[in-house]
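As provided, target-v2.cif (mmCIF, C-alpha atoms) reads as follows.
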data_query
#
loop_
_atom_site.label_atom_id
_atom_site.label_comp_id
_atom_site.auth_asym_id
_atom_site.auth_seq_id
_atom_site.Cartn_x
_atom_site.Cartn_y
_atom_site.Cartn_z
CA MET A 46 102.67 90.59 146.20
CA SER A 47 104.55 91.43 149.35
CA SER A 48 101.41 92.05 151.38
CA SER A 49 99.74 89.12 153.12
CA THR A 50 96.30 90.37 152.16
CA THR A 51 94.66 92.08 149.25
CA TYR A 52 92.66 95.17 150.16
CA ALA A 53 89.57 96.06 148.17
CA VAL A 54 87.15 98.97 148.43
CA LEU A 55 83.63 98.38 147.07
CA VAL A 56 81.71 101.32 145.63
CA HIS A 57 77.97 100.97 145.02
CA GLY A 58 76.00 102.85 142.39
CA TRP A 59 73.34 105.56 142.12
CA GLY A 60 70.47 104.85 144.53
CA GLY A 61 72.28 101.87 146.07
CA SER A 62 74.10 101.00 149.29
CA PRO A 63 76.73 98.54 150.57
CA LYS A 64 73.94 95.95 150.86
CA ALA A 65 74.42 95.38 147.12
CA TRP A 66 77.65 93.50 147.95
CA ASP A 67 76.24 91.20 150.64
CA THR A 68 76.14 88.09 148.44
CA VAL A 69 79.55 88.61 146.80
CA ARG A 70 82.11 86.29 148.39
CA PHE A 71 85.72 87.40 148.12
CA PRO A 72 88.60 85.25 149.41
CA ALA A 73 88.96 85.02 153.16
CA THR A 74 92.50 86.33 152.66
CA TRP A 75 91.13 89.66 151.39
CA THR A 76 90.30 92.67 153.54
CA THR A 77 87.28 94.35 152.01
CA PHE A 78 85.55 97.62 152.82
CA ALA A 79 82.21 98.82 151.44
CA TYR A 80 81.93 102.57 150.94
CA THR A 81 78.63 104.44 151.30
CA LEU A 82 78.09 107.42 149.01
CA PRO A 83 76.85 110.65 150.60
CA GLY A 84 73.08 110.91 150.24
CA HIS A 85 72.67 107.13 150.33
CA GLY A 86 71.87 104.54 153.00
CA ASP A 87 73.09 105.54 156.44
CA ARG A 88 74.52 108.77 154.96
CA ALA A 89 71.25 109.96 153.41
CA GLN A 90 71.50 113.42 154.98
CA GLU A 91 75.18 113.94 154.23
CA GLY A 92 76.33 115.91 151.20
CA PRO A 93 77.32 117.38 148.85
CA TRP A 94 76.04 115.31 145.95
CA THR A 95 78.36 115.79 142.99
CA ILE A 96 80.66 113.30 141.31
CA ARG A 97 83.88 115.21 141.88
CA GLU A 98 83.20 116.06 145.53
CA THR A 99 82.13 112.50 146.26
CA ALA A 100 85.27 111.17 144.56
CA GLU A 101 87.30 113.22 147.04
CA ASP A 102 85.15 111.84 149.86
CA LEU A 103 85.91 108.33 148.57
CA ALA A 104 89.63 109.17 148.48
CA ASP A 105 89.44 110.24 152.13
CA TYR A 106 87.61 107.02 152.96
CA VAL A 107 90.30 104.91 151.29
CA ARG A 108 92.98 106.73 153.26
CA SER A 109 91.06 106.11 156.48
CA VAL A 110 90.54 102.35 156.10
CA VAL A 111 93.55 101.12 154.12
CA PRO A 112 97.02 101.11 155.72
CA ALA A 113 99.33 103.87 154.54
CA GLY A 114 101.32 102.83 151.49
CA VAL A 115 98.92 100.03 150.53
CA LYS A 116 97.06 100.39 147.23
CA PRO A 117 93.66 98.66 147.19
CA LEU A 118 91.56 97.40 144.35
CA ILE A 119 88.63 99.72 143.69
CA ILE A 120 85.56 97.70 142.65
CA ALA A 121 82.70 99.91 141.48
CA HIS A 122 79.22 99.54 140.04
CA SER A 123 77.33 101.94 137.76
CA MET A 124 77.76 105.56 138.94
CA GLY A 125 80.46 104.27 141.26
CA GLY A 126 82.50 103.71 138.12
CA GLN A 127 82.77 107.46 137.64
CA LEU A 128 84.18 107.74 141.16
CA SER A 129 86.68 104.91 140.65
CA MET A 130 87.76 106.43 137.33
CA LEU A 131 88.51 109.75 139.04
CA LEU A 132 90.55 107.95 141.70
CA ASN A 133 92.49 106.11 139.00
CA ALA A 134 93.13 109.37 137.14
CA GLU A 135 93.74 111.76 140.02
CA HIS A 136 94.81 109.59 142.98
CA PRO A 137 96.80 106.66 141.51
CA GLU A 138 98.59 106.31 144.84
CA LEU A 139 95.27 104.99 146.22
CA VAL A 140 94.59 102.44 143.45
CA SER A 141 96.29 99.17 142.47
CA GLY A 142 93.61 98.26 139.91
CA GLU A 143 90.08 99.25 139.01
CA VAL A 144 87.09 96.97 138.41
CA VAL A 145 83.96 98.52 136.90
CA ILE A 146 80.54 96.90 136.45
CA ASP A 147 78.47 98.47 133.65
CA PRO A 148 79.76 101.91 134.69
CA ALA A 149 77.86 105.13 134.10
CA TYR A 150 80.15 106.61 131.47
CA ASN A 151 80.43 106.46 127.68
CA GLY A 152 76.72 107.34 127.67
CA GLY A 153 74.87 108.11 124.47
CA ASP A 154 75.35 111.67 123.22
CA SER A 155 73.31 111.86 120.01
CA PRO A 156 70.67 114.64 119.90
CA GLU A 157 67.95 112.07 120.56
CA GLU A 158 69.84 110.53 123.49
CA LEU A 159 70.61 113.94 124.96
CA ALA A 160 66.93 114.86 124.77
CA GLU A 161 66.11 111.66 126.66
CA THR A 162 68.70 112.52 129.33
CA HIS A 163 67.09 115.94 129.82
CA ARG A 164 63.66 114.27 130.09
CA ASN A 165 65.02 111.90 132.73
CA LEU A 166 66.33 114.83 134.74
CA ALA A 167 62.96 116.58 134.50
CA GLU A 168 61.22 113.44 135.77
CA LEU A 169 63.67 113.24 138.65
CA HIS A 170 62.82 116.79 139.65
CA CYS A 171 59.12 115.88 139.73
CA ASP A 172 59.41 112.67 141.79
CA PRO A 173 62.92 111.24 142.14
CA HIS A 174 61.97 107.98 143.85
CA ALA A 175 59.18 107.18 141.40
CA MET A 176 61.50 107.88 138.47
CA MET A 177 64.18 105.62 139.98
CA ARG A 178 61.75 102.76 140.54
CA GLU A 179 60.74 102.98 136.90
CA PHE A 180 64.35 103.33 135.80
CA VAL A 181 65.51 100.10 137.45
CA LYS A 182 62.73 98.03 135.89
CA GLY A 183 64.86 97.83 132.76
CA ALA A 184 67.71 96.47 134.87
CA PHE A 185 65.71 93.54 136.26
CA GLY A 186 66.16 90.32 134.30
CA PRO A 187 65.79 86.58 134.87
CA TYR A 188 69.17 86.23 136.60
CA LEU A 189 68.23 88.67 139.37
CA ASN A 190 66.44 86.87 142.19
CA ASN A 191 63.68 88.35 144.34
CA ASP A 192 65.92 88.99 147.33
CA ALA A 193 68.28 91.05 145.18
CA ARG A 194 65.36 92.99 143.72
CA ARG A 195 64.11 93.83 147.20
CA VAL A 196 67.55 95.08 148.23
CA ILE A 197 67.71 97.36 145.18
CA LEU A 198 64.22 98.78 145.70
CA ASP A 199 64.73 99.26 149.45
CA ASP A 200 68.00 101.09 148.78
CA ILE A 201 66.22 103.47 146.42
CA GLU A 202 63.71 104.41 149.12
CA ARG A 203 66.52 105.07 151.61
CA THR A 204 68.34 107.42 149.24
CA ASN A 205 67.88 111.16 149.59
CA GLY A 206 65.64 112.29 146.72
CA GLN A 207 67.57 115.49 146.07
CA ALA A 208 70.78 113.46 145.97
CA LEU A 209 69.32 111.38 143.14
CA VAL A 210 68.63 114.57 141.19
CA ASP A 211 71.97 116.23 141.85
CA TYR A 212 74.08 113.18 141.11
CA PHE A 213 72.33 112.56 137.78
CA ALA A 214 72.95 116.14 136.65
CA SER A 215 76.55 115.90 137.85
CA GLU A 216 77.08 112.69 135.90
CA TYR A 217 75.89 113.90 132.52
CA LEU A 218 74.79 117.53 132.21
CA ASP A 219 76.65 119.83 134.60
CA PRO A 220 79.83 121.65 133.50
CA GLY A 221 82.74 119.22 133.77
CA ALA A 222 80.54 116.12 133.64
CA PHE A 223 82.16 113.16 131.88
CA GLY A 224 79.36 110.60 131.65
CA LEU A 225 78.66 111.16 127.95
CA LYS A 226 80.79 109.36 125.38
CA ARG A 227 82.25 112.59 123.99
CA ASP A 228 83.39 113.65 127.49
CA THR A 229 84.51 110.36 129.08
CA PRO A 230 88.02 110.38 127.53
CA ASN A 231 88.74 113.69 129.27
CA VAL A 232 89.15 111.70 132.48
CA ALA A 233 89.65 108.13 131.22
CA LYS A 234 92.82 108.97 129.30
CA ARG A 235 94.49 110.00 132.55
CA ARG A 236 94.14 106.53 134.05
CA THR A 237 97.37 104.68 134.83
CA ARG A 238 96.17 101.61 136.76
CA PRO A 239 94.82 98.49 135.00
CA VAL A 240 91.08 98.21 134.41
CA LEU A 241 88.71 95.23 134.32
CA GLY A 242 85.29 96.05 132.89
CA PHE A 243 82.14 93.92 133.13
CA TYR A 244 79.82 94.56 130.20
CA MET A 245 76.88 92.98 128.40
CA THR A 246 77.60 94.03 124.81
CA ASP A 247 80.56 94.25 122.46
CA ALA A 248 79.77 97.91 121.81
CA ARG A 249 80.07 98.84 125.48
CA GLY A 250 83.22 96.78 125.92
CA ASN A 251 84.80 98.34 122.84
CA ALA A 252 83.92 101.81 124.11
CA GLU A 253 85.80 101.00 127.33
CA ARG A 254 88.88 99.98 125.37
CA GLU A 255 88.74 103.04 123.15
CA CYS A 256 88.30 105.73 125.81
CA ASN A 257 91.47 104.88 127.73
CA PRO A 258 95.06 105.89 127.02
CA GLU A 259 97.02 103.86 124.50
CA GLY A 260 98.91 101.10 126.25
CA LEU A 261 96.73 100.95 129.38
CA ASP A 262 96.02 97.36 130.44
CA VAL A 263 92.26 96.99 129.89
CA SER A 264 90.46 93.65 130.27
CA ILE A 265 86.81 93.09 129.37
CA SER A 266 84.47 90.41 130.70
CA LEU A 267 81.46 90.14 128.39
CA TRP A 268 78.32 88.66 129.91
CA LYS A 269 76.48 88.32 126.63
CA GLU A 270 74.07 85.58 127.70
CA ALA A 271 70.50 86.72 127.16
CA GLY A 272 69.08 88.08 130.38
CA HIS A 273 72.19 89.53 132.03
CA ARG A 274 71.67 93.18 132.82
CA HIS A 275 72.96 96.05 134.93
CA PHE A 276 73.42 94.30 138.31
CA MET A 277 75.77 91.53 137.18
CA HIS A 278 77.50 91.23 140.56
CA MET A 279 74.11 90.52 142.16
CA GLU A 280 72.89 88.24 139.37
CA ASP A 281 75.81 85.80 139.62
CA PRO A 282 78.00 86.83 142.57
CA GLU A 283 80.10 83.64 142.44
CA ARG A 284 81.06 84.11 138.80
CA PHE A 285 81.73 87.79 139.40
CA SER A 286 84.04 87.25 142.37
CA ARG A 287 85.86 84.40 140.61
CA GLU A 288 86.61 86.56 137.58
CA VAL A 289 87.76 89.48 139.72
CA VAL A 290 90.12 87.28 141.73
CA GLU A 291 91.50 85.58 138.62
CA TRP A 292 92.18 88.97 137.01
CA ALA A 293 93.80 90.32 140.17
CA VAL A 294 96.09 87.30 140.42
CA GLN A 295 97.02 87.49 136.74
CA HIS A 296 98.00 91.13 137.19
CA GLY A 297 100.01 90.59 140.36
CA LEU A 298 97.45 92.41 142.49
CA ALA A 299 96.59 89.36 144.61
CA ASP A 300 98.32 86.14 145.63
CA ALA A 301 97.85 82.95 143.62
CA GLY A 302 96.65 81.21 146.80
CA ASP A 303 93.62 83.51 146.79
CA LEU A 304 92.19 81.45 143.94
CA LEU A 305 91.98 78.44 146.23
CA SER A 306 90.30 80.29 149.08
CA ALA A 307 87.97 82.41 146.96
CA HIS A 308 84.88 80.37 147.86
CA ALA A 309 85.93 78.70 151.10
CA GLU A 310 84.94 81.45 153.55
CA PRO A 311 83.70 84.93 152.69
CA ALA A 312 85.88 87.90 153.50
CA THR A 313 84.73 90.23 156.21
CA VAL A 314 83.18 93.30 154.59
CA SER A 315 83.26 96.48 156.64
CA ALA A 316 81.20 99.58 155.92
#

Output the file's structure in the form of C-alpha coordinates.
Amino acid sequence: MSSSTTYAVLVHGWGGSPKAWDTVRFPATWTTFAYTLPGHGDRAQEGPWTIRETAEDLADYVRSVVPAGVKPLIIAHSMGGQLSMLLNAEHPELVSGEVVIDPAYNGGDSPEELAETHRNLAELHCDPHAMMREFVKGAFGPYLNNDARRVILDDIERTNGQALVDYFASEYLDPGAFGLKRDTPNVAKRRTRPVLGFYMTDARGNAERECNPEGLDVSISLWKEAGHRHFMHMEDPERFSREVVEWAVQHGLADAGDLLSAHAEPATVSA
(Lines of atoms letter the chains of each structure in order from A and count residues from 1; the text may use other names and numbers.)
(Lines give C-alpha, C1' and ligand atoms only; values in the text may rest on other atoms or scores of the structure.)
Protein backbone atom coordinates (compact mmCIF):
# COMPACT_ATOMS: atom_id res chain seq x y z
CA MET A 1 0.00 0.00 0.00
CA SER A 2 1.12 3.53 -0.67
CA SER A 3 -0.63 4.95 2.38
CA SER A 4 1.21 4.97 5.71
CA THR A 5 -1.92 3.91 7.56
CA THR A 6 -4.89 1.69 7.00
CA TYR A 7 -8.24 3.34 7.60
CA ALA A 8 -11.14 1.30 8.93
CA VAL A 9 -14.73 2.22 9.70
CA LEU A 10 -16.53 0.05 12.27
CA VAL A 11 -20.29 -0.43 11.96
CA HIS A 12 -22.22 -1.88 14.91
CA GLY A 13 -25.44 -3.85 14.65
CA TRP A 14 -29.14 -3.53 15.49
CA GLY A 15 -29.58 -2.27 19.05
CA GLY A 16 -25.83 -1.74 19.51
CA SER A 17 -23.37 1.14 19.67
CA PRO A 18 -19.64 1.82 19.13
CA LYS A 19 -19.04 0.45 22.65
CA ALA A 20 -19.21 -3.02 21.06
CA TRP A 21 -15.73 -2.38 19.61
CA ASP A 22 -14.03 -1.21 22.81
CA THR A 23 -12.12 -4.45 23.42
CA VAL A 24 -11.05 -5.00 19.80
CA ARG A 25 -7.40 -4.00 19.37
CA PHE A 26 -6.36 -3.05 15.85
CA PRO A 27 -2.74 -2.19 14.98
CA ALA A 28 -1.47 1.12 16.26
CA THR A 29 -0.68 1.94 12.61
CA TRP A 30 -4.40 1.88 11.75
CA THR A 31 -6.75 4.85 11.93
CA THR A 32 -10.12 3.55 13.03
CA PHE A 33 -13.50 5.25 13.30
CA ALA A 34 -16.63 3.83 14.93
CA TYR A 35 -19.90 4.85 13.29
CA THR A 36 -23.13 5.26 15.28
CA LEU A 37 -26.36 4.32 13.50
CA PRO A 38 -29.24 6.80 13.69
CA GLY A 39 -31.61 5.82 16.48
CA HIS A 40 -28.80 4.27 18.53
CA GLY A 41 -26.54 5.42 21.35
CA ASP A 42 -25.85 9.15 21.26
CA ARG A 43 -27.99 9.44 18.09
CA ALA A 44 -31.11 7.88 19.61
CA GLN A 45 -33.36 10.73 18.49
CA GLU A 46 -31.92 11.03 14.99
CA GLY A 47 -33.58 9.37 12.02
CA PRO A 48 -34.78 8.08 9.65
CA TRP A 49 -34.52 4.39 10.47
CA THR A 50 -34.32 2.43 7.24
CA ILE A 51 -31.46 0.39 5.83
CA ARG A 52 -31.08 2.33 2.61
CA GLU A 53 -31.26 5.79 4.19
CA THR A 54 -28.84 4.77 6.92
CA ALA A 55 -26.45 3.36 4.31
CA GLU A 56 -26.37 6.81 2.72
CA ASP A 57 -25.79 8.32 6.17
CA LEU A 58 -22.87 5.90 6.61
CA ALA A 59 -21.50 6.92 3.19
CA ASP A 60 -21.59 10.57 4.29
CA TYR A 61 -19.83 9.63 7.52
CA VAL A 62 -17.06 7.83 5.64
CA ARG A 63 -16.56 10.87 3.42
CA SER A 64 -16.36 13.09 6.50
CA VAL A 65 -13.73 11.12 8.44
CA VAL A 66 -11.56 9.47 5.78
CA PRO A 67 -9.25 11.60 3.61
CA ALA A 68 -10.46 12.15 0.05
CA GLY A 69 -9.26 9.42 -2.28
CA VAL A 70 -8.58 6.93 0.54
CA LYS A 71 -10.68 3.76 0.59
CA PRO A 72 -11.19 2.33 4.09
CA LEU A 73 -12.02 -1.15 5.24
CA ILE A 74 -15.65 -1.39 6.32
CA ILE A 75 -15.98 -3.77 9.30
CA ALA A 76 -19.60 -4.50 10.18
CA HIS A 77 -21.57 -6.64 12.59
CA SER A 78 -25.08 -8.08 12.17
CA MET A 79 -27.45 -5.47 10.68
CA GLY A 80 -24.38 -3.37 9.97
CA GLY A 81 -23.55 -5.98 7.35
CA GLN A 82 -26.51 -4.82 5.28
CA LEU A 83 -25.11 -1.29 5.39
CA SER A 84 -21.59 -2.38 4.42
CA MET A 85 -23.00 -4.49 1.58
CA LEU A 86 -24.83 -1.47 0.18
CA LEU A 87 -21.63 0.59 0.36
CA ASN A 88 -19.74 -2.17 -1.45
CA ALA A 89 -22.43 -2.37 -4.13
CA GLU A 90 -23.31 1.29 -4.56
CA HIS A 91 -20.29 3.26 -3.32
CA PRO A 92 -17.20 1.17 -4.20
CA GLU A 93 -15.14 4.35 -4.19
CA LEU A 94 -15.58 4.36 -0.39
CA VAL A 95 -14.58 0.72 0.21
CA SER A 96 -11.27 -1.13 -0.10
CA GLY A 97 -12.63 -4.32 1.48
CA GLU A 98 -15.59 -5.45 3.54
CA VAL A 99 -15.56 -7.53 6.74
CA VAL A 100 -18.89 -8.88 8.00
CA ILE A 101 -19.59 -10.63 11.30
CA ASP A 102 -22.65 -12.92 11.19
CA PRO A 103 -24.44 -10.33 9.03
CA ALA A 104 -28.21 -9.93 8.91
CA TYR A 105 -28.75 -11.20 5.38
CA ASN A 106 -29.38 -14.58 3.75
CA GLY A 107 -32.13 -14.99 6.36
CA GLY A 108 -34.53 -17.90 6.27
CA ASP A 109 -37.41 -17.47 3.82
CA SER A 110 -39.45 -20.66 4.14
CA PRO A 111 -43.16 -20.17 4.99
CA GLU A 112 -42.45 -21.18 8.59
CA GLU A 113 -39.48 -18.82 8.87
CA LEU A 114 -41.43 -15.96 7.32
CA ALA A 115 -44.24 -16.51 9.81
CA GLU A 116 -41.68 -16.29 12.62
CA THR A 117 -40.30 -13.03 11.18
CA HIS A 118 -43.81 -11.54 11.16
CA ARG A 119 -44.31 -12.68 14.78
CA ASN A 120 -41.03 -11.02 15.76
CA LEU A 121 -42.17 -7.77 14.18
CA ALA A 122 -45.49 -7.96 16.04
CA GLU A 123 -43.63 -8.46 19.33
CA LEU A 124 -41.43 -5.48 18.55
CA HIS A 125 -44.50 -3.31 18.05
CA CYS A 126 -45.80 -4.38 21.47
CA ASP A 127 -42.58 -3.79 23.46
CA PRO A 128 -39.42 -3.34 21.40
CA HIS A 129 -36.93 -3.34 24.27
CA ALA A 130 -38.42 -6.42 25.93
CA MET A 131 -38.40 -8.26 22.61
CA MET A 132 -34.75 -7.29 22.02
CA ARG A 133 -33.68 -8.45 25.48
CA GLU A 134 -35.28 -11.82 24.79
CA PHE A 135 -33.83 -11.91 21.29
CA VAL A 136 -30.21 -11.52 22.42
CA LYS A 137 -30.46 -14.32 24.98
CA GLY A 138 -29.88 -16.75 22.13
CA ALA A 139 -26.71 -14.85 21.25
CA PHE A 140 -25.14 -15.21 24.70
CA GLY A 141 -22.79 -18.17 25.00
CA PRO A 142 -19.87 -19.27 27.18
CA TYR A 143 -17.31 -17.18 25.28
CA LEU A 144 -19.12 -13.91 26.03
CA ASN A 145 -18.00 -12.50 29.37
CA ASN A 146 -20.20 -10.55 31.78
CA ASP A 147 -18.75 -7.16 30.84
CA ALA A 148 -19.61 -7.75 27.19
CA ARG A 149 -23.12 -8.86 28.12
CA ARG A 150 -23.65 -5.68 30.12
CA VAL A 151 -22.50 -3.55 27.18
CA ILE A 152 -24.97 -5.31 24.86
CA LEU A 153 -27.90 -4.98 27.25
CA ASP A 154 -27.10 -1.34 28.08
CA ASP A 155 -26.92 -0.52 24.37
CA ILE A 156 -30.37 -2.01 23.83
CA GLU A 157 -31.86 0.26 26.49
CA ARG A 158 -30.25 3.31 24.90
CA THR A 159 -31.68 2.53 21.46
CA ASN A 160 -34.84 4.28 20.32
CA GLY A 161 -37.67 1.72 20.52
CA GLN A 162 -39.31 2.84 17.29
CA ALA A 163 -35.94 2.58 15.55
CA LEU A 164 -35.76 -1.08 16.56
CA VAL A 165 -39.16 -1.66 14.94
CA ASP A 166 -38.48 0.29 11.76
CA TYR A 167 -35.05 -1.19 11.12
CA PHE A 168 -36.32 -4.76 11.52
CA ALA A 169 -39.11 -4.19 8.99
CA SER A 170 -36.64 -2.47 6.66
CA GLU A 171 -34.24 -5.41 6.90
CA TYR A 172 -36.67 -8.16 6.00
CA LEU A 173 -40.25 -7.19 5.16
CA ASP A 174 -40.50 -3.74 3.57
CA PRO A 175 -40.46 -3.33 -0.23
CA GLY A 176 -36.84 -3.48 -1.40
CA ALA A 177 -35.61 -5.32 1.70
CA PHE A 178 -32.77 -7.75 1.02
CA GLY A 179 -32.33 -9.58 4.32
CA LEU A 180 -34.05 -12.78 3.20
CA LYS A 181 -32.05 -15.37 1.28
CA ARG A 182 -34.15 -14.99 -1.86
CA ASP A 183 -33.53 -11.22 -1.90
CA THR A 184 -29.91 -10.91 -0.73
CA PRO A 185 -28.35 -11.56 -4.18
CA ASN A 186 -30.19 -8.52 -5.55
CA VAL A 187 -27.60 -6.39 -3.75
CA ALA A 188 -24.77 -8.85 -3.07
CA LYS A 189 -24.15 -9.57 -6.75
CA ARG A 190 -23.28 -5.92 -7.29
CA ARG A 191 -20.34 -6.07 -4.89
CA THR A 192 -16.89 -5.47 -6.37
CA ARG A 193 -14.65 -5.24 -3.29
CA PRO A 194 -13.32 -8.36 -1.50
CA VAL A 195 -15.30 -9.76 1.41
CA LEU A 196 -14.25 -11.54 4.61
CA GLY A 197 -17.14 -13.18 6.46
CA PHE A 198 -17.12 -14.48 10.03
CA TYR A 199 -19.61 -17.30 10.49
CA MET A 200 -20.40 -20.15 12.87
CA THR A 201 -21.69 -22.77 10.42
CA ASP A 202 -20.79 -24.16 7.02
CA ALA A 203 -24.31 -23.42 5.80
CA ARG A 204 -24.01 -19.71 6.56
CA GLY A 205 -20.53 -19.51 5.10
CA ASN A 206 -21.63 -21.29 1.94
CA ALA A 207 -24.59 -18.93 1.60
CA GLU A 208 -22.13 -16.01 1.69
CA ARG A 209 -20.08 -17.54 -1.10
CA GLU A 210 -23.13 -18.30 -3.21
CA CYS A 211 -24.89 -14.92 -3.01
CA ASN A 212 -22.00 -12.91 -4.45
CA PRO A 213 -21.00 -12.40 -8.08
CA GLU A 214 -18.89 -15.07 -9.73
CA GLY A 215 -15.23 -14.24 -9.37
CA LEU A 216 -15.56 -11.97 -6.32
CA ASP A 217 -12.84 -12.63 -3.75
CA VAL A 218 -14.75 -14.04 -0.76
CA SER A 219 -12.99 -15.43 2.32
CA ILE A 220 -14.77 -17.21 5.18
CA SER A 221 -13.61 -17.60 8.77
CA LEU A 222 -15.60 -20.37 10.42
CA TRP A 223 -15.80 -20.27 14.21
CA LYS A 224 -17.32 -23.70 14.57
CA GLU A 225 -16.21 -24.36 18.14
CA ALA A 226 -19.22 -25.11 20.32
CA GLY A 227 -20.32 -21.98 22.11
CA HIS A 228 -19.37 -19.28 19.59
CA ARG A 229 -22.39 -17.20 18.71
CA HIS A 230 -23.46 -13.89 17.21
CA PHE A 231 -21.00 -11.50 18.93
CA MET A 232 -17.76 -13.15 17.82
CA HIS A 233 -15.76 -9.90 17.86
CA MET A 234 -16.69 -9.47 21.54
CA GLU A 235 -16.20 -13.14 22.46
CA ASP A 236 -12.58 -13.30 21.28
CA PRO A 237 -11.49 -9.81 20.19
CA GLU A 238 -7.82 -10.79 19.86
CA ARG A 239 -8.53 -13.65 17.46
CA PHE A 240 -10.95 -11.48 15.53
CA SER A 241 -8.54 -8.58 15.04
CA ARG A 242 -5.67 -10.93 14.16
CA GLU A 243 -7.71 -12.61 11.42
CA VAL A 244 -8.90 -9.28 10.03
CA VAL A 245 -5.35 -7.90 9.88
CA GLU A 246 -3.98 -11.07 8.30
CA TRP A 247 -6.69 -10.99 5.63
CA ALA A 248 -6.13 -7.29 4.95
CA VAL A 249 -2.38 -7.83 4.53
CA GLN A 250 -2.90 -10.84 2.26
CA HIS A 251 -5.16 -8.76 0.03
CA GLY A 252 -2.86 -5.74 -0.12
CA LEU A 253 -5.22 -3.63 1.98
CA ALA A 254 -2.75 -3.16 4.84
CA ASP A 255 1.02 -3.21 5.27
CA ALA A 256 2.82 -6.39 6.28
CA GLY A 257 4.31 -4.52 9.25
CA ASP A 258 0.80 -4.21 10.68
CA LEU A 259 0.97 -7.88 11.63
CA LEU A 260 3.81 -7.11 14.04
CA SER A 261 2.07 -4.16 15.68
CA ALA A 262 -1.40 -5.67 15.80
CA HIS A 263 -1.27 -6.32 19.55
CA ALA A 264 1.42 -3.91 20.70
CA GLU A 265 -0.74 -0.81 21.23
CA PRO A 266 -4.41 -0.41 20.36
CA ALA A 267 -5.38 1.97 17.59
CA THR A 268 -7.24 5.10 18.55
CA VAL A 269 -10.93 4.59 17.81
CA SER A 270 -12.94 7.72 17.13
CA ALA A 271 -16.73 7.92 17.14

(message) Excluding segment 164-169 of chain A and its own-chain neighbours fewer than 2 positions away, which residues fall within 12 Å of it when counting all atoms listed in the file? Please give them as an MDAnalysis selection string.
(response) chainID A and resid 157:162 171:180 205:219

(message) I'd like the contact shell of Leu304 of chain A - 8 Å cut-off, all atoms listed in the file, skipping same-chain residues fewer than 3 positions apart - returned as a PyMOL selection string.
(response) chain A and resi 72+287+290-291+294+300-301+307

Same residues, C-alpha atoms, output as a short mmCIF file (atom, residue, chain, number, x, y, z; two decimals), in the frame of the given file:
data_model
loop_
_atom_site.label_atom_id
_atom_site.label_comp_id
_atom_site.auth_asym_id
_atom_site.auth_seq_id
_atom_site.Cartn_x
_atom_site.Cartn_y
_atom_site.Cartn_z
CA PRO A 72 88.60 85.25 149.41
CA ARG A 287 85.86 84.40 140.61
CA VAL A 290 90.12 87.28 141.73
CA GLU A 291 91.50 85.58 138.62
CA VAL A 294 96.09 87.30 140.42
CA ASP A 300 98.32 86.14 145.63
CA ALA A 301 97.85 82.95 143.62
CA ALA A 307 87.97 82.41 146.96
#

(request) Write out as a PyMOL selection string each polymer residue whose atoms come within 9 Å of Ala89 of chain A, counting only C-alpha atoms; drop sequence neighbours fewer than 3 positions from it. (result) chain A and resi 82-86+92+203-205+208

(message) Just checking: using all atoms listed in the file, which residue out of A:Pro220, A:Gly142, A:Pro93, A:Gly152 ends up closest to Val289 of chain A?
(response)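 Smallest separation from Val289 of chain A among the options: A:Gly142.
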
(request) For segment 259-261 of chain A, list every protein, DNA or RNA residue within 10 Å, evaluated using only C-alpha atoms, and leave out those in the same chain fewer than 2 positions away; present the list as number ranges by chain. (result) A: 234-240, 254-257, 263-264

(request) List the residues selected by the PyMOL selection byres ((chain A and resi 58) around 8) in the file shown, writing them as a list in words. (result)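 Residues picked by the PyMOL selection byres ((chain A and resi 58) around 8): Val56, His57, Trp59, Gly60, Gly61, Ser62, Ala121, His122, Ser123, Met124, Gly125 and Gly126 of chain A.
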
(request) Would you kindly return, as number ranges by chain, each protein, DNA or RNA residue with an atom no farther than 10 Å from any atom of Ile197 of chain A, considering only C-alpha atoms and excluding same-chain residues fewer than 4 positions away? (result) A: 60-62, 64-65, 178, 181, 185, 191-193, 201-202, 276, 279

With all atoms of segment 267-282 of chain A from the file as input, state the centre and edge lengths in Å to one decimal of the axis-aligned box that has 8 Å extra on each side, as AutoDock Vina command-line options.
--center_x 75.3 --center_y 90.8 --center_z 134.6 --size_x 28.4 --size_y 26.5 --size_z 31.9

(request) Name the residues that the PyMOL selection byres ((chain A and resi 282-284) around 10) pulls out of this structure, and write them as a list in words. (result)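 Residues picked by the PyMOL selection byres ((chain A and resi 282-284) around 10): Trp66, Asp67, Thr68, Val69, Arg70, Phe71, Phe276, Met277, His278, Met279, Glu280, Asp281, Phe285, Ser286, Arg287, Glu288, Val289, Ala307 and His308 of chain A.
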